[in-house]
file structure-v6.txt (compact mmCIF, C-alpha atoms)
# COMPACT_ATOMS: atom_id res chain seq x y z
CA MET O 1 10.12 36.56 42.44
CA ARG O 2 12.38 37.81 39.70
CA SER O 3 11.55 41.37 40.62
CA LEU O 4 12.69 40.59 44.12
CA HIS O 5 15.99 39.31 42.83
CA LEU O 6 16.45 42.29 40.58
CA LEU O 7 15.96 44.61 43.49
CA SER O 8 18.66 42.85 45.38
CA ALA O 9 20.78 42.63 42.23
CA SER O 10 20.76 46.39 41.79
CA GLY O 11 22.36 46.66 45.16
CA GLY O 12 24.94 43.93 44.83
CA GLY O 13 26.17 41.32 42.32
CA PHE O 14 24.29 39.04 39.91
CA VAL O 15 22.01 36.55 41.58
CA PRO O 16 22.10 33.40 39.40
CA PRO O 17 18.73 31.78 38.66
CA SER O 18 17.93 28.87 40.94
CA SER O 19 15.06 26.56 41.78
CA ASN O 20 13.47 29.55 43.48
CA ASP O 21 12.74 30.93 40.01
CA PHE O 22 10.29 28.08 39.55
CA ILE O 23 8.06 29.33 42.35
CA PHE O 24 5.20 31.60 41.42
CA PRO O 25 2.92 33.70 43.62
CA SER O 26 -0.78 32.99 43.62
CA PHE O 27 -3.01 35.31 41.61
CA PHE O 28 -5.74 35.18 44.22
CA GLY O 29 -4.58 35.56 47.78
CA HIS O 30 -3.04 32.41 49.12
CA SER O 31 -4.94 29.94 46.91
CA GLN O 32 -2.58 27.23 45.79
CA TYR O 33 -4.81 26.63 42.74
CA ALA O 34 -4.25 30.00 41.10
CA THR O 35 -0.58 29.91 40.24
CA LYS O 36 0.98 30.28 36.80
CA PRO O 37 1.76 26.55 36.20
CA ILE O 38 -1.77 25.53 37.10
CA LEU O 39 -3.31 28.12 34.81
CA LEU O 40 -0.91 27.05 32.06
CA VAL O 41 -2.02 23.43 32.41
CA PHE O 42 -5.67 24.44 32.06
CA LEU O 43 -4.74 26.68 29.14
CA SER O 44 -3.04 23.74 27.44
CA VAL O 45 -6.15 21.57 27.87
CA LEU O 46 -8.27 24.35 26.39
CA LEU O 47 -5.94 25.02 23.45
CA ILE O 48 -5.46 21.34 22.58
CA SER O 49 -9.19 20.63 22.78
CA ILE O 50 -10.12 23.60 20.60
CA PHE O 51 -7.40 22.88 18.05
CA PHE O 52 -8.18 19.20 17.63
CA ILE O 53 -11.95 19.57 17.72
CA LEU O 54 -11.71 22.15 14.95
CA ALA O 55 -9.23 20.04 13.01
CA SER O 56 -11.21 16.82 13.24
CA ARG O 57 -14.75 18.23 13.06
CA LYS O 58 -15.22 17.71 9.31
CA ALA O 59 -13.29 14.43 8.97
CA ALA O 60 -13.11 15.04 5.22
CA ILE O 61 -11.50 12.60 2.83
CA VAL O 62 -9.55 15.47 1.29
CA PRO O 63 -8.37 17.34 4.40
CA SER O 64 -8.12 21.08 4.87
CA LYS O 65 -4.80 22.51 6.05
CA LEU O 66 -6.02 22.50 9.63
CA GLN O 67 -7.28 18.94 9.42
CA PHE O 68 -4.06 17.88 7.77
CA ALA O 69 -2.01 19.40 10.58
CA GLY O 70 -4.10 17.67 13.25
CA GLU O 71 -4.15 14.40 11.34
CA SER O 72 -0.40 14.42 10.88
CA LEU O 73 0.17 14.65 14.63
CA TYR O 74 -2.54 12.10 15.36
CA GLY O 75 -1.33 9.78 12.61
CA PHE O 76 2.22 10.00 13.93
CA VAL O 77 1.18 8.88 17.42
CA ARG O 78 -1.32 6.34 16.11
CA ASN O 79 0.95 4.64 13.58
CA ASP O 80 4.54 5.19 14.70
CA LEU O 81 3.97 4.95 18.45
CA GLY O 82 0.79 2.87 18.63
CA ARG O 83 0.54 0.43 15.74
CA ASP O 84 4.24 -0.18 15.13
CA ILE O 85 5.07 -0.80 18.78
CA ILE O 86 1.96 -2.27 20.40
CA GLY O 87 0.73 -4.35 17.46
CA HIS O 88 -2.77 -5.50 16.60
CA GLU O 89 -4.42 -4.36 19.86
CA PHE O 90 -3.01 -0.83 19.53
CA MET O 91 -6.30 0.99 18.85
CA ARG O 92 -7.40 0.67 22.51
CA PHE O 93 -4.37 2.67 23.64
CA VAL O 94 -4.26 5.30 20.92
CA PRO O 95 -6.44 7.84 22.82
CA TYR O 96 -4.19 7.56 25.87
CA LEU O 97 -0.93 7.79 23.91
CA PHE O 98 -2.28 10.65 21.83
CA THR O 99 -3.43 12.62 24.89
CA LEU O 100 -0.11 11.98 26.59
CA PHE O 101 1.88 13.19 23.60
CA VAL O 102 -0.03 16.39 22.85
CA PHE O 103 -0.39 17.25 26.55
CA ILE O 104 3.34 16.96 27.26
CA LEU O 105 4.30 18.57 23.95
CA THR O 106 2.08 21.60 24.49
CA ASN O 107 3.12 22.12 28.09
CA ASN O 108 6.78 21.77 27.13
CA ILE O 109 6.49 24.23 24.29
CA PHE O 110 4.93 26.76 26.68
CA GLY O 111 8.54 27.14 27.82
CA ILE O 112 9.48 29.08 24.70
CA VAL O 113 6.14 30.71 23.85
CA PRO O 114 6.54 34.47 24.37
CA LEU O 115 4.67 35.81 27.44
CA LEU O 116 3.91 32.32 28.77
CA GLN O 117 7.56 31.24 28.84
CA PHE O 118 7.33 28.51 31.38
CA PRO O 119 7.49 24.76 30.70
CA THR O 120 4.83 23.33 33.00
CA MET O 121 6.60 19.99 33.11
CA SER O 122 9.49 21.61 34.98
CA HIS O 123 7.21 21.37 38.01
CA VAL O 124 7.79 17.80 39.02
CA SER O 125 4.20 17.19 40.15
CA PHE O 126 2.92 17.02 36.57
CA PRO O 127 5.44 14.44 35.33
CA TYR O 128 4.71 12.47 38.53
CA VAL O 129 1.01 12.38 37.72
CA LEU O 130 1.63 11.23 34.16
CA ALA O 131 4.16 8.62 35.21
CA ILE O 132 1.76 7.27 37.85
CA ILE O 133 -0.99 6.97 35.25
CA THR O 134 1.33 5.12 32.86
CA PHE O 135 2.50 2.91 35.74
CA VAL O 136 -1.06 1.99 36.65
CA VAL O 137 -2.08 1.51 33.02
CA PHE O 138 0.67 -0.89 32.00
CA HIS O 139 0.47 -2.98 35.18
CA TYR O 140 -3.31 -3.13 34.91
CA ILE O 141 -3.07 -4.28 31.29
CA GLY O 142 -0.49 -6.92 32.16
CA ILE O 143 -2.62 -8.28 35.01
CA ARG O 144 -5.77 -8.26 32.90
CA LYS O 145 -4.03 -10.01 30.04
CA GLN O 146 -2.09 -12.69 31.91
CA GLY O 147 -3.71 -12.96 35.33
CA ILE O 148 -2.10 -11.55 38.44
CA ARG O 149 -0.22 -14.75 39.38
CA LYS O 150 1.44 -15.27 36.03
CA TYR O 151 2.16 -11.58 35.60
CA ILE O 152 3.94 -11.22 38.95
CA LYS O 153 5.67 -14.58 38.52
CA ASP O 154 6.99 -13.62 35.09
CA ILE O 155 8.36 -10.37 36.47
CA MET O 156 10.00 -12.00 39.50
CA PHE O 157 11.23 -15.12 37.75
CA MET O 158 11.94 -14.27 34.16
CA PRO O 159 11.24 -17.41 32.11
CA GLY O 160 14.09 -19.06 30.25
CA VAL O 161 17.05 -18.20 32.48
CA PRO O 162 19.09 -20.52 34.71
CA LYS O 163 17.84 -20.74 38.31
CA ALA O 164 21.05 -19.33 39.79
CA ALA O 165 20.58 -16.13 37.79
CA TYR O 166 17.44 -15.33 39.79
CA ILE O 167 19.60 -14.23 42.71
CA LEU O 168 20.67 -11.29 40.58
CA LEU O 169 17.74 -10.98 38.20
CA THR O 170 14.81 -11.01 40.60
CA PRO O 171 15.75 -7.87 42.57
CA ILE O 172 16.71 -6.08 39.36
CA GLU O 173 13.45 -7.00 37.63
CA ILE O 174 11.32 -5.98 40.61
CA ALA O 175 13.18 -2.68 40.89
CA THR O 176 12.82 -2.11 37.14
CA TYR O 177 9.10 -2.74 36.98
CA PHE O 178 7.99 -1.03 40.18
CA ILE O 179 10.53 1.71 40.91
CA THR O 180 12.86 2.55 38.04
CA ARG O 181 10.32 2.70 35.25
CA PRO O 182 7.87 5.23 36.74
CA LEU O 183 10.60 7.23 38.48
CA THR O 184 12.86 7.60 35.43
CA LEU O 185 9.87 8.35 33.25
CA ALA O 186 8.89 11.28 35.47
CA LEU O 187 12.37 12.52 36.32
CA ARG O 188 13.68 12.42 32.74
CA LEU O 189 10.91 14.73 31.59
CA PHE O 190 11.09 16.96 34.65
CA ALA O 191 14.88 17.28 34.66
CA ASN O 192 15.07 18.12 30.95
CA MET O 193 12.47 20.85 31.26
CA PHE O 194 13.88 22.17 34.52
CA ALA O 195 17.45 22.32 33.24
CA GLY O 196 16.39 23.80 29.93
CA HIS O 197 14.43 26.57 31.57
CA LEU O 198 17.27 27.30 33.98
CA LEU O 199 19.71 27.49 31.07
CA LEU O 200 17.55 29.98 29.23
CA LEU O 201 17.18 32.04 32.42
CA VAL O 202 20.94 32.15 32.89
CA PHE O 203 21.56 33.58 29.45
CA ILE O 204 18.61 35.95 29.24
CA LEU O 205 18.89 37.28 32.81
CA GLY O 206 22.67 37.28 32.52
CA GLY O 207 22.49 39.32 29.33
CA ASP O 208 20.06 41.66 31.04
CA HIS O 209 22.40 42.04 34.01
CA LEU O 210 25.40 42.68 31.75
CA LEU O 211 23.43 45.43 30.01
CA LYS O 212 23.20 47.26 33.32
CA GLY O 213 26.94 47.03 33.94
CA VAL O 214 29.84 49.11 32.69
CA ILE O 215 30.40 49.76 28.96
CA GLY O 216 32.64 46.72 28.46
CA LEU O 217 30.04 44.42 29.92
CA LYS O 218 27.32 46.08 27.81
CA LEU O 219 29.25 44.96 24.69
CA ILE O 220 29.26 41.35 25.84
CA SER O 221 25.54 41.45 26.60
CA PRO O 222 24.35 40.89 22.96
CA PHE O 223 26.35 37.65 22.81
CA ALA O 224 24.55 36.40 25.88
CA PHE O 225 21.19 37.24 24.30
CA ALA O 226 22.18 35.65 20.98
CA PHE O 227 23.21 32.51 22.81
CA GLY O 228 19.92 32.58 24.68
CA ILE O 229 18.04 32.75 21.38
CA GLY O 230 20.10 29.92 19.95
CA LEU O 231 19.37 27.87 23.02
CA THR O 232 15.66 28.57 22.57
CA PHE O 233 15.76 26.64 19.29
CA PHE O 234 17.69 23.89 20.98
CA GLU O 235 15.08 23.84 23.74
CA PHE O 236 12.33 23.43 21.17
CA LEU O 237 14.07 20.28 19.97
CA VAL O 238 14.43 18.94 23.51
CA GLN O 239 10.79 19.73 24.29
CA CYS O 240 9.54 17.77 21.28
CA LEU O 241 11.98 14.96 21.95
CA GLN O 242 10.95 14.58 25.59
CA ALA O 243 7.25 14.43 24.68
CA TYR O 244 8.14 11.75 22.12
CA ILE O 245 10.30 9.75 24.54
CA PHE O 246 7.69 9.75 27.30
CA THR O 247 5.02 8.51 24.89
CA LEU O 248 7.36 6.02 23.24
CA LEU O 249 8.34 4.47 26.57
CA THR O 250 4.71 4.27 27.66
CA ALA O 251 3.91 2.44 24.40
CA LEU O 252 6.85 0.09 24.97
CA TYR O 253 5.75 -0.68 28.52
CA ILE O 254 2.20 -1.38 27.33
CA ALA O 255 3.56 -3.61 24.54
CA GLY O 256 5.68 -5.45 27.11
CA ALA O 257 2.70 -6.01 29.38
CA LEU O 258 0.65 -7.34 26.45
CA ALA O 259 3.39 -9.70 25.31
CA ASP O 260 3.24 -13.21 26.74
CA GLU O 261 6.80 -13.16 28.01
CA HIS O 262 8.78 -10.23 29.27
CA MET Q 1 5.37 21.38 49.83
CA HIS Q 2 6.31 24.75 48.42
CA SER Q 3 5.29 27.92 49.96
CA ILE Q 4 5.58 31.26 48.29
CA ASN Q 5 6.63 32.83 51.53
CA LEU Q 6 9.85 30.85 51.57
CA ALA Q 7 11.32 32.32 48.41
CA ALA Q 8 14.67 32.93 49.98
CA GLU Q 9 15.08 29.30 51.10
CA LYS Q 10 16.34 26.57 48.83
CA ILE Q 11 13.31 24.56 47.78
CA ASN Q 12 13.73 20.91 46.85
CA PRO Q 13 12.39 20.81 43.28
CA LEU Q 14 11.77 17.06 43.47
CA LEU Q 15 9.00 17.37 46.04
CA PRO Q 16 5.52 17.32 44.54
CA HIS Q 17 2.97 20.04 45.13
CA THR Q 18 -0.46 18.83 46.21
CA ALA Q 19 -2.44 21.37 44.21
CA GLU Q 20 -0.42 20.63 41.10
CA LEU Q 21 -0.88 16.88 41.51
CA VAL Q 22 -4.64 17.36 41.73
CA VAL Q 23 -4.78 19.81 38.83
CA GLY Q 24 -2.46 17.69 36.71
CA ALA Q 25 -4.64 14.61 37.19
CA ILE Q 26 -7.89 16.51 36.54
CA ALA Q 27 -6.55 18.38 33.52
CA PHE Q 28 -5.10 15.27 31.97
CA THR Q 29 -8.28 13.26 32.53
CA LEU Q 30 -10.36 16.05 31.07
CA LEU Q 31 -8.17 16.26 27.99
CA TYR Q 32 -8.20 12.48 27.64
CA LEU Q 33 -12.00 12.39 27.70
CA VAL Q 34 -12.32 15.18 25.16
CA LEU Q 35 -9.78 13.70 22.75
CA ARG Q 36 -11.14 10.18 23.10
CA SER Q 37 -14.76 11.08 22.55
CA LYS Q 38 -14.50 13.93 20.06
CA VAL Q 39 -11.20 13.82 18.22
CA VAL Q 40 -10.01 10.24 17.87
CA PRO Q 41 -13.28 8.88 16.40
CA MET Q 42 -13.41 11.70 13.87
CA PHE Q 43 -9.83 11.15 12.73
CA GLU Q 44 -10.46 7.43 12.55
CA LYS Q 45 -13.57 8.11 10.49
CA ALA Q 46 -11.54 10.23 8.08
CA PHE Q 47 -8.86 7.53 7.85
CA THR Q 48 -11.43 4.81 7.21
CA ALA Q 49 -13.25 6.91 4.63
CA ARG Q 50 -9.99 7.67 2.88
CA THR Q 51 -8.93 4.02 2.87
CA GLU Q 52 -12.32 3.02 1.54
CA ALA Q 53 -12.22 5.70 -1.14
CA ILE Q 54 -8.85 4.48 -2.33
CA GLN Q 55 -9.85 0.84 -2.14
CA GLY Q 56 -13.18 1.55 -3.83
CA GLY Q 57 -11.38 3.31 -6.68
CA MET Q 58 -9.05 0.39 -7.06
CA GLU Q 59 -11.92 -2.07 -7.02
CA ARG Q 60 -13.77 -0.04 -9.66
CA ALA Q 61 -10.70 0.00 -11.88
CA GLU Q 62 -10.27 -3.73 -11.42
CA LYS Q 63 -13.91 -4.31 -12.31
CA ALA Q 64 -13.60 -2.18 -15.45
CA GLN Q 65 -10.54 -4.10 -16.49
CA LEU Q 66 -12.31 -7.43 -15.99
CA GLU Q 67 -15.23 -6.14 -18.04
CA ALA Q 68 -12.88 -5.05 -20.84
CA GLU Q 69 -11.15 -8.41 -20.79
CA ARG Q 70 -14.47 -10.19 -20.95
CA ALA Q 71 -15.57 -8.07 -23.94
CA LEU Q 72 -12.30 -8.72 -25.71
CA ARG Q 73 -12.66 -12.45 -25.14
CA GLN Q 74 -16.21 -12.32 -26.44
CA TYR Q 75 -15.18 -10.43 -29.59
CA THR Q 76 -12.32 -12.80 -30.24
CA GLU Q 77 -14.66 -15.71 -29.81
CA GLN Q 78 -17.19 -14.20 -32.18
CA LEU Q 79 -14.50 -13.44 -34.73
CA SER Q 80 -13.15 -16.98 -34.70
CA LYS Q 81 -16.67 -18.32 -34.88
CA ALA Q 82 -17.35 -16.18 -37.96
CA ARG Q 83 -14.09 -17.34 -39.50
CA ASP Q 84 -15.03 -20.96 -38.84
CA GLU Q 85 -18.42 -20.38 -40.37
CA ALA Q 86 -16.93 -18.83 -43.51
CA HIS Q 87 -14.53 -21.71 -43.77
CA SER Q 88 -17.26 -24.29 -43.47
CA LEU Q 89 -19.36 -22.42 -46.02
CA ARG Q 90 -16.44 -22.49 -48.43
CA GLU Q 91 -15.96 -26.18 -47.80
CA ASP Q 92 -19.63 -26.84 -48.40
CA ALA Q 93 -19.57 -24.94 -51.66
CA ARG Q 94 -16.53 -26.82 -52.83
CA ALA Q 95 -18.10 -30.13 -51.92
CA GLN Q 96 -21.29 -29.17 -53.66
CA GLY Q 97 -19.35 -28.16 -56.79
CA VAL Q 98 -17.51 -31.46 -56.81
CA ALA Q 99 -20.80 -33.31 -56.39
CA ILE Q 100 -22.41 -31.41 -59.24
CA VAL Q 101 -19.48 -32.09 -61.57
CA GLU Q 102 -19.52 -35.75 -60.57
CA GLU Q 103 -23.23 -35.99 -61.19
CA LEU Q 104 -22.92 -34.36 -64.59
CA ARG Q 105 -20.09 -36.63 -65.55
CA THR Q 106 -22.05 -39.71 -64.53
CA LYS Q 107 -25.04 -38.47 -66.45
CA ALA Q 108 -22.91 -37.79 -69.56
CA GLN Q 109 -21.34 -41.20 -69.31
CA GLU Q 110 -24.72 -42.81 -68.97
CA GLU Q 111 -25.94 -40.87 -71.99
CA ALA Q 112 -22.90 -41.87 -74.00
CA GLY Q 113 -23.40 -45.49 -72.98
CA ARG Q 114 -27.02 -45.29 -73.91
CA ILE Q 115 -26.22 -43.81 -77.33
CA THR Q 116 -23.51 -46.43 -77.95
CA ALA Q 117 -25.89 -49.20 -76.97
CA ALA Q 118 -28.57 -47.84 -79.28
CA ALA Q 119 -26.07 -47.66 -82.10
CA HIS Q 120 -24.96 -51.20 -81.46
CA ALA Q 121 -28.56 -52.35 -81.42
CA SER Q 122 -29.40 -50.65 -84.66
CA ILE Q 123 -26.24 -51.99 -86.32
CA GLU Q 124 -27.09 -55.45 -85.13
CA ALA Q 125 -30.64 -55.08 -86.43
CA GLU Q 126 -29.42 -53.90 -89.76
CA ARG Q 127 -26.92 -56.73 -89.88
CA GLN Q 128 -29.67 -59.22 -89.09
CA ALA Q 129 -31.84 -57.65 -91.77
CA ALA Q 130 -28.96 -57.82 -94.23
CA ILE Q 131 -28.28 -61.45 -93.39
CA ALA Q 132 -31.95 -62.29 -93.77
CA SER Q 133 -32.28 -60.50 -97.09
CA LEU Q 134 -29.01 -61.97 -98.30
CA ARG Q 135 -30.15 -65.39 -97.36
CA THR Q 136 -33.39 -65.10 -99.35
CA GLU Q 137 -31.57 -63.47 -102.22
CA VAL Q 138 -28.87 -66.18 -102.26
CA GLY Q 139 -31.67 -68.81 -102.25
CA THR Q 140 -33.42 -67.15 -105.10
CA ILE Q 141 -30.18 -66.76 -106.99
CA ALA Q 142 -29.22 -70.35 -106.28
CA ILE Q 143 -32.62 -71.57 -107.49
CA GLU Q 144 -32.26 -69.34 -110.55
CA LEU Q 145 -28.80 -70.73 -111.22
CA ALA Q 146 -29.96 -74.28 -110.71
CA SER Q 147 -32.81 -73.84 -113.10
CA LYS Q 148 -30.44 -72.35 -115.61
CA ILE Q 149 -28.09 -75.24 -115.19
CA VAL Q 150 -30.89 -77.69 -115.45
CA GLY Q 151 -32.37 -75.84 -118.41
CA GLU Q 152 -29.19 -76.04 -120.55
CA SER Q 153 -27.10 -79.09 -121.23
CA LEU Q 154 -24.12 -79.36 -119.18
CA ASP Q 155 -22.08 -81.84 -121.20
CA ASP Q 156 -19.62 -79.35 -122.43
CA GLN Q 157 -16.90 -78.19 -120.01
CA ALA Q 158 -16.47 -74.87 -121.69
CA ARG Q 159 -20.08 -74.23 -121.71
CA ALA Q 160 -20.43 -75.00 -118.11
CA SER Q 161 -17.75 -72.62 -117.10
CA ARG Q 162 -19.40 -70.01 -119.30
CA VAL Q 163 -22.63 -70.52 -117.47
CA VAL Q 164 -20.90 -70.12 -114.09
CA ASP Q 165 -19.12 -67.02 -115.20
CA ARG Q 166 -22.26 -65.51 -116.46
CA PHE Q 167 -23.94 -66.40 -113.23
CA LEU Q 168 -21.24 -64.77 -111.25
CA ASP Q 169 -21.43 -61.71 -113.41
CA ASP Q 170 -25.14 -61.57 -112.92
CA LEU Q 171 -24.62 -62.03 -109.28
CA GLU Q 172 -22.21 -59.17 -109.14
CA THR Q 173 -24.53 -56.86 -111.03
CA ALA Q 174 -27.44 -57.93 -108.87
CA THR Q 175 -25.69 -57.37 -105.55
CA ASN Q 176 -23.80 -54.25 -106.55
CA PRO Q 177 -25.64 -52.63 -109.42
CA THR Q 178 -24.08 -49.18 -108.87
CA ASN Q 179 -20.54 -50.56 -109.23
CA SER Q 180 -21.27 -52.86 -112.08
CA ASN Q 181 -19.18 -50.87 -114.52
CA ASN Q 182 -15.96 -51.18 -112.59
call {"tool": "encode", "arguments": {"input": "structure-v6.txt", "output": "C-alpha cells"}}
result
Amino acid sequence: MRSLHLLSASGGGFVPPSSNDFIFPSFFGHSQYATKPILLVFLSVLLISIFFILASRKAAIVPSKLQFAGESLYGFVRNDLGRDIIGHEFMRFVPYLFTLFVFILTNNIFGIVPLLQFPTMSHVSFPYVLAIITFVVFHYIGIRKQGIRKYIKDIMFMPGVPKAAYILLTPIEIATYFITRPLTLALRLFANMFAGHLLLLVFILGGDHLLKGVIGLKLISPFAFAFGIGLTFFEFLVQCLQAYIFTLLTALYIAGALADEH
Amino acid sequence: MHSINLAAEKINPLLPHTAELVVGAIAFTLLYLVLRSKVVPMFEKAFTARTEAIQGGMERAEKAQLEAERALRQYTEQLSKARDEAHSLREDARAQGVAIVEELRTKAQEEAGRITAAAHASIEAERQAAIASLRTEVGTIAIELASKIVGESLDDQARASRVVDRFLDDLETATNPTNSNN
C-alpha cells in the first residue's frame, strides 16, 4: 500500500500515514489467511516454541545462558504475576499467564524488529481473541469456585454495602465485569500498538518525504529520522509494558474470581 | 471486514477480521499447548531440583553440625568422667594411707601396752620374790637374834643395847654386804 501512496506522493503533497497503512495485501491471491499479520503470528508461535523448548530442554540445576534467559522470563511471570497475585492456587494458571505474556510481548516487539516491523497486536482482532479468552477464563473460574448463583449474586449485589447503594452499584458492577473489563483489556493493547506504529510511520515516512524535497527540507530530514529512532526505543518500552499490563490484569481478574468476595 | 481492494477508503480499525480472529485463536491455543506440555514442566523441574539441592545442602550442613556437637558433648563427658575417676582414685589412696597409718599406730600402741604390762608383771614378780625372801630372811634373822638374846644374859642394860647394836650391824652387813664399809 505504501508504494501506492508514494506514487501519489511523488505527484502531489505528503500523504500522512493512516489506518490504511495497517492493511496488507495477501501473498497468495485473495486468501485472507496469507497476509503479513497472520504470518507474523505464526512466526511468533514458532519462535517462542523453539526458544523456550531449547531453553528448558536440559532443566539443569546450574543453568546455561539460554536456560537462564528463558527461566528469568518464566520466573518473572510465575512469581511476580502468578504467585504474588493469585496466591496458593497460582500454579494452575501459570501456563496461561506465561503464554499470554510471551505471545503478546513477541508480537509487540515485531513492531520494531527490522524487516518485520509490524506489531501484530495493532490489528484489533488479536487483542479481541486474547481478551475473550481471559474473559471466559476468569468467569469460568469464578463460577466453578463459588457456584453460578453465588458468583452472579456477588457481582450484582456486592456484599457489605447499604441496600440503597445497589441502585448505583449494580449497573456499574455488571458493566465492569461483562463489558468494561474485556473491552478495555483488548482496546488498551490494540490502541497502544496502533498509535505507536502510526507514530513511527509519521517520523520515518515524513523523514523520507523531506529527503525528496528541496535542500532546506533535506536538512530537516535527519532530525525526523533521529526522532523516529528515539521513538523506537520508547516503543520498545511501551511494547513490554503493554504485555505486562495485559498479563497483570488477567492475573488480577483470576485472583478476584478465586477470592470469596469481590 | 477489511478488504484489500478498498485501500483508498477509511477503514474502521476497531472492526475485527474473521481470518485474524481464527488464526489468533488457533495460534494462541497452539502456543499454549506447547508451553504447557513442554516448557513449564521442565522449568518447574529445574526450580524444584534447585530448591532441593539448596535445601539438601543445608540439611547436610545441619546434620554435620549436630554430629560435631554430639562428638563434643561425648568428649566433654568422657573428660569429666576421667577427671572424676582420677579424683576418686586420689581420695581412695588418701583414705588408704590414713587407714594404714591408723593401723600402724594402733599396733604400736598395743605393742607398747604389751611391753609395759610385761614390765609391770615382771616387776611385781620380782617384788613378790623379794618380799618372800625378805620374809624368810627376817624370820631367820629374828630367830638368830632371839637365840642370841636367850643365849646371853640380859640383865645388864648396856649389854643389851650392845647386843641390839651388834645385831643391827650384822643385819646391815647381811642385807647390804657390798655397802658394808660405808
call {"tool": "atom_distance", "arguments": {"input": "structure-v6.txt", "atom1": "CA of Gln242 (chain O)", "atom2": "CA of Leu189 (chain O)"}}
result
6.0 Å
call {"tool": "residues_around", "arguments": {"input": "structure-v6.txt", "residues": "region 44-58 of chain Q", "least_positions_apart": "5", "cutoff": "8 Å", "atoms": "all atoms listed in the file", "output": "list in words"}}
result
Ala59, Ala60, Ile61 and Val62 of chain O
call {"tool": "write_last_selection", "arguments": {"input": "structure-v6.txt", "atoms": "C-alpha atoms", "output": "PDB file, in the frame of the given file"}}
result
ATOM      1  CA  ALA O  59     -13.290  14.430   8.970  1.00  0.00           C
ATOM      2  CA  ALA O  60     -13.110  15.040   5.220  1.00  0.00           C
ATOM      3  CA  ILE O  61     -11.500  12.600   2.830  1.00  0.00           C
ATOM      4  CA  VAL O  62      -9.550  15.470   1.290  1.00  0.00           C
TER       5      VAL O  62
END
call {"tool": "closest_atom_pairs", "arguments": {"input": "structure-v6.txt", "of": "chain Q", "to": "chain O", "cutoff": "7 Å", "atoms": "only C-alpha atoms", "output": "CSV"}}
result
residue,atom,partner,partner_atom,distance
Q:Ile4,CA,O:Pro25,CA,5.9
Q:Ala7,CA,O:Asn20,CA,6.0
Q:Lys10,CA,O:Asn20,CA,6.8
Q:Ile11,CA,O:Ser19,CA,6.6
Q:Pro13,CA,O:Ser19,CA,6.5
Q:Leu14,CA,O:Val124,CA,6.0
Q:Pro16,CA,O:Ser125,CA,4.6
Q:His17,CA,O:Ser125,CA,5.9
Q:Ala19,CA,O:Tyr33,CA,6.0
Q:Glu20,CA,O:Ser125,CA,5.8
Q:Leu21,CA,O:Ser125,CA,5.3
Q:Val23,CA,O:Ile38,CA,6.7
Q:Gly24,CA,O:Phe126,CA,5.4
Q:Ala25,CA,O:Val129,CA,6.1
Q:Ala27,CA,O:Phe42,CA,6.3
Q:Leu31,CA,O:Val45,CA,5.7
Q:Tyr32,CA,O:Thr99,CA,5.5
Q:Val34,CA,O:Ser49,CA,6.7
Q:Leu35,CA,O:Pro95,CA,6.7
Q:Arg36,CA,O:Pro95,CA,5.3
Q:Lys38,CA,O:Ile53,CA,6.6
Q:Val39,CA,O:Ser56,CA,5.8
Q:Val40,CA,O:Pro95,CA,6.6
Q:Met42,CA,O:Ser56,CA,5.6
Q:Phe43,CA,O:Ser56,CA,5.9
Q:Lys45,CA,O:Ala59,CA,6.5
Q:Ala46,CA,O:Ala59,CA,4.6
Q:Ala49,CA,O:Ile61,CA,6.2
Q:Arg50,CA,O:Ile61,CA,5.2
call {"tool": "atom_distance", "arguments": {"input": "structure-v6.txt", "atom1": "CA of Ser80 (chain Q)", "atom2": "CA of Arg94 (chain Q)"}}
result
20.9 Å
call {"tool": "residues_around", "arguments": {"input": "structure-v6.txt", "residues": "region 250-258 of chain O", "least_positions_apart": "5", "cutoff": "8 Å", "atoms": "only C-alpha atoms", "output": "list in words"}}
result
Leu81, Gly82, Ile85, Ile86, Gly87, Leu97, Thr134, Val137, Phe138, His139, Ile141, Gly142 and Lys145 of chain O
call {"tool": "atom_distance", "arguments": {"input": "structure-v6.txt", "atom1": "CA of Leu185 (chain O)", "atom2": "CA of Leu249 (chain O)"}}
result
7.9 Å
